[in-house]
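Since the structure comes first, as structure tokens, the remarks are kept for the end.
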Amino acid sequence: MKTCLLALFVLLPVFAQDLPPAWAELVITHETFDEAEAAVTDGALSGRSLPGEWSLSDDQLSPHQPRTFSFWWALTEAHPDDGRINWLRLINRQRGYLSYFSKGKGQWKALEEPAGSLQVWNLDGIANTEARTDLTMRETVDLTPGVWHHTAAVITGRSVAVYIDGELWREIQLEGRAIDAEHGMIHLTIGGAAEHFTPMLLDEIIILKQALSADAIDAYFQAVRAQMQLNQPQPAQ
């Protein structure tokens, strides 16, 4: 049975099976992976999840208009000090990209431990911009295998904000030209299946034609996390 999580954005007391009319026109895609051939039985919410990565190319993804990219993920292996994680990458065909990722020890900028980065790079008329955590990723988020987390990237033509488990992680303001349709930022990858990436599971990918507020993202995360806890098996009495 598919569960539509968008109902939780408006704080309905229970999960709904169908999109409420107010939300239906905002959805670009909602992937539960319940019917996906490659899915495995270890989902965050619906029982099944997708290992590796998920990709989509669509003109509707272009963030020259407000967009929210929401997804759940869990690592399946321990993240090594020199490992890499790819959470989200939105690119064009001219090597321009918007990327949220982690690189590890010795790979980049003399890192000693994995550090997260949010970058907007190689877009015509826009200054290269980066926000990097001052803490290691292990201090920012629990990277224990099997622990599910929520990430939301809220992108407008002038800004990018990333939220982890309902809290703002980093936000950048773009300098120069705003992202527009001519930049062609329509090729999206969530997760990473390449050998050098720490493998993960993905679940409940939701892309909206709207820049959600911080309060809406936190309310969604808290409601879904509460439901996940209810769904956990209870110890025998």
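A note on labels: chains of the structure tokens are A, B, ... as shown, every chain counts residues from 1, and ligands are counted from 1 in their shown order.
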Mind running stretch 36-79 of chain A against stretch 202-209 of chain A at 9 Å and telling me each contacting residue's nearest atom pair with the distance in Å (one decimal), counting only C-alpha atoms, chain and number ascending, as CSV?
residue,atom,partner,partner_atom,distance
A:Gly43,CA,A:Asp203,CA,6.3
A:Ala44,CA,A:Asp203,CA,6.3
A:Leu45,CA,A:Asp203,CA,7.6
A:Ser46,CA,A:Asp203,CA,8.2
A:Arg48,CA,A:Asp203,CA,7.6
A:Ser49,CA,A:Asp203,CA,5.0
A:Leu50,CA,A:Leu202,CA,5.1
A:Pro51,CA,A:Leu202,CA,6.2
A:Gly52,CA,A:Leu202,CA,7.4
A:Glu53,CA,A:Leu202,CA,7.4
A:Trp54,CA,A:Leu202,CA,8.1
A:Gln60,CA,A:Lys209,CA,8.2
A:Leu61,CA,A:Ile207,CA,8.2
A:Gln65,CA,A:Lys209,CA,7.6
A:Pro66,CA,A:Lys209,CA,6.1
A:Arg67,CA,A:Lys209,CA,4.9
A:Thr68,CA,A:Leu208,CA,5.1
A:Phe69,CA,A:Ile207,CA,4.7
A:Ser70,CA,A:Ile206,CA,5.1
A:Phe71,CA,A:Ile205,CA,4.3
A:Trp72,CA,A:Asp203,CA,5.1
A:Trp73,CA,A:Leu202,CA,4.6
A:Ala74,CA,A:Leu202,CA,6.8
Expected file: the selected residues, N, CA, C and O atoms, as a short mmCIF file (atom, residue, chain, number, x, y, z; two decimals), in the first residue's frame:
data_model
loop_
_atom_site.label_atom_id
_atom_site.label_comp_id
_atom_site.auth_asym_id
_atom_site.auth_seq_id
_atom_site.Cartn_x
_atom_site.Cartn_y
_atom_site.Cartn_z
N GLY A 43 12.81 -0.52 3.83
CA GLY A 43 12.45 0.87 3.62
C GLY A 43 12.30 1.64 4.90
O GLY A 43 12.10 1.09 5.98
N ALA A 44 12.41 2.95 4.79
CA ALA A 44 12.23 3.82 5.95
C ALA A 44 10.78 3.81 6.41
O ALA A 44 10.50 3.84 7.60
N LEU A 45 9.86 3.78 5.44
CA LEU A 45 8.46 3.98 5.78
C LEU A 45 7.56 2.92 5.17
O LEU A 45 6.69 2.39 5.83
N SER A 46 7.79 2.60 3.90
CA SER A 46 6.82 1.76 3.20
C SER A 46 7.27 0.32 3.04
O SER A 46 6.64 -0.45 2.34
N ARG A 48 9.96 -0.91 1.52
CA ARG A 48 10.92 -1.17 0.46
C ARG A 48 11.68 0.11 0.14
O ARG A 48 11.14 1.21 0.26
N SER A 49 12.94 -0.04 -0.27
CA SER A 49 13.77 1.12 -0.59
C SER A 49 14.66 0.78 -1.76
O SER A 49 14.83 -0.39 -2.14
N LEU A 50 15.26 1.81 -2.35
CA LEU A 50 16.11 1.64 -3.52
C LEU A 50 17.57 1.73 -3.12
O LEU A 50 17.99 2.73 -2.55
N PRO A 51 18.37 0.72 -3.42
CA PRO A 51 19.80 0.82 -3.15
C PRO A 51 20.53 1.61 -4.22
O PRO A 51 20.16 1.58 -5.40
N GLY A 52 21.57 2.35 -3.80
CA GLY A 52 22.42 3.02 -4.78
C GLY A 52 22.02 4.43 -5.08
O GLY A 52 22.21 5.33 -4.25
N GLU A 53 21.45 4.67 -6.25
CA GLU A 53 21.12 6.03 -6.66
C GLU A 53 19.85 6.04 -7.49
O GLU A 53 19.41 5.02 -8.01
N TRP A 54 19.29 7.24 -7.59
CA TRP A 54 18.08 7.47 -8.38
C TRP A 54 18.30 8.72 -9.21
O TRP A 54 18.79 9.72 -8.71
N GLN A 60 11.07 20.20 -15.64
CA GLN A 60 10.39 20.70 -14.45
C GLN A 60 11.32 20.78 -13.23
O GLN A 60 10.99 21.43 -12.24
N LEU A 61 12.48 20.14 -13.31
CA LEU A 61 13.41 20.17 -12.18
C LEU A 61 14.18 21.48 -12.08
O LEU A 61 14.76 21.79 -11.04
N GLN A 65 12.68 28.34 -10.91
CA GLN A 65 11.48 28.51 -10.12
C GLN A 65 11.65 27.71 -8.83
O GLN A 65 12.39 26.73 -8.81
N PRO A 66 11.02 28.11 -7.74
CA PRO A 66 11.26 27.44 -6.45
C PRO A 66 10.99 25.94 -6.52
O PRO A 66 9.98 25.50 -7.07
N ARG A 67 11.91 25.17 -5.92
CA ARG A 67 11.79 23.73 -5.89
C ARG A 67 12.24 23.20 -4.53
O ARG A 67 13.14 23.76 -3.89
N THR A 68 11.61 22.11 -4.09
CA THR A 68 12.04 21.38 -2.91
C THR A 68 12.30 19.93 -3.30
O THR A 68 11.44 19.29 -3.91
N PHE A 69 13.49 19.44 -2.95
CA PHE A 69 13.89 18.05 -3.21
C PHE A 69 14.01 17.36 -1.85
O PHE A 69 14.90 17.69 -1.06
N SER A 70 13.12 16.44 -1.59
CA SER A 70 13.03 15.79 -0.28
C SER A 70 13.25 14.29 -0.43
O SER A 70 12.69 13.67 -1.34
N PHE A 71 14.05 13.70 0.47
CA PHE A 71 14.27 12.26 0.40
C PHE A 71 14.79 11.74 1.73
O PHE A 71 15.33 12.48 2.56
N TRP A 72 14.61 10.43 1.93
CA TRP A 72 15.13 9.71 3.09
C TRP A 72 16.27 8.81 2.65
O TRP A 72 16.23 8.25 1.55
N TRP A 73 17.27 8.64 3.49
CA TRP A 73 18.43 7.83 3.14
C TRP A 73 19.01 7.17 4.38
O TRP A 73 18.86 7.66 5.50
N ALA A 74 19.70 6.05 4.16
CA ALA A 74 20.42 5.35 5.22
C ALA A 74 21.64 4.67 4.60
O ALA A 74 21.53 4.02 3.56
#
*From a DSSP calculation on the backbone, collect every residue of stretch 1-226 of chain A in helix (DSSP H, G or I) and output the set as a PyMOL selection string.*
chain A and resi 5-10+21-24+59-61+137-140+181-183+214-226
Write the residues of the selection above to a file with C-alpha atoms, as a CSV table (one decimal), in the first residue's frame.
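Below is the file again-v1.csv, written as the result:
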chain,number,residue,atom,x,y,z
A,5,LEU,CA,3.6,11.7,2.9
A,6,LEU,CA,2.7,15.1,1.6
A,7,ALA,CA,-0.4,15.1,3.8
A,8,LEU,CA,1.9,15.5,6.7
A,9,PHE,CA,3.1,18.9,5.5
A,10,VAL,CA,-0.3,20.2,6.6
A,21,PRO,CA,-6.2,18.5,-3.7
A,22,ALA,CA,-4.2,21.4,-2.3
A,23,TRP,CA,-0.9,19.5,-2.7
A,24,ALA,CA,-1.5,17.5,-5.9
A,59,ASP,CA,12.6,20.4,-17.5
A,60,GLN,CA,10.4,20.7,-14.4
A,61,LEU,CA,13.4,20.2,-12.2
A,137,MET,CA,30.0,14.8,9.1
A,138,ARG,CA,30.0,12.4,12.0
A,139,GLU,CA,29.4,15.3,14.4
A,140,THR,CA,26.7,16.7,12.1
A,181,ALA,CA,16.0,28.2,-17.5
A,182,GLU,CA,18.9,28.8,-19.9
A,183,HIS,CA,21.3,27.2,-17.4
A,214,ALA,CA,11.8,25.7,7.5
A,215,ASP,CA,8.8,25.1,9.7
A,216,ALA,CA,7.1,23.0,7.1
A,217,ILE,CA,10.2,20.8,6.6
A,218,ASP,CA,10.6,20.3,10.4
A,219,ALA,CA,6.9,19.5,10.8
A,220,TYR,CA,7.1,16.9,8.0
A,221,PHE,CA,10.3,15.4,9.5
A,222,GLN,CA,8.8,15.2,13.1
A,223,ALA,CA,5.6,13.7,11.9
A,224,VAL,CA,7.2,11.0,9.7
A,225,ARG,CA,9.8,10.2,12.4
A,226,ALA,CA,7.0,9.7,14.9
Using only C-alpha atoms, find each residue in stretch 21-111 of chain A having at least one atom no more than 7 Å away from stretch 194-198 of chain A; report its shortest atom-to-atom pair and that distance in Å (one decimal), rows by chain then rising number, as a tab-separated table.
residue	atom	partner	partner_atom	distance
A:Glu77	CA	A:Thr198	CA	6.7
A:His79	CA	A:Thr198	CA	6.1
A:Gly83	CA	A:Thr198	CA	6.3
A:Arg84	CA	A:Phe197	CA	4.9
A:Ile85	CA	A:Phe197	CA	5.3
A:Asn86	CA	A:Phe197	CA	6.8
*Hey, which of A:Gln119, A:Ser62, A:Gln229, A:Thr151 ends up closest to A:Gln173? Count only C-alpha atoms.*
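Checking each candidate against A:Gln173, we get A:Gln119 as the closest.
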_Going by DSSP on the backbone, which residues of stretch 4-232 of chain A come out as strand (DSSP E)? List them as an MDAnalysis selection string._
chainID A and resid 27:31 50:51 53:57 67:75 85:91 97:103 115:121 129:132 149:155 159:164 167:173 187:191 200:208
*Which value, in Å to one decimal, gives the distance between atom CA of A:Met185 and atom CA of A:Trp169?*
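Pair atom CA of A:Met185 / atom CA of A:Trp169 returns 22.5 Å.
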*asked:* Would you compute the distance between atom CA of A:Asp81 and atom CA of A:Gly146? Give it in Å to one decimal.
replied: 18.1 Å
Contact check, stretch 19-126 of chain A to stretch 160-168 of chain A, at most 9 Å, counting only C-alpha atoms, closest pairs as a Markdown table:
| residue | atom | partner | partner_atom | distance |
| --- | --- | --- | --- | --- |
| A:Leu98 | CA | A:Val160 | CA | 8.9 |
| A:Tyr100 | CA | A:Val162 | CA | 8.2 |
| A:Leu118 | CA | A:Val162 | CA | 8.1 |
| A:Val120 | CA | A:Val160 | CA | 8.7 |
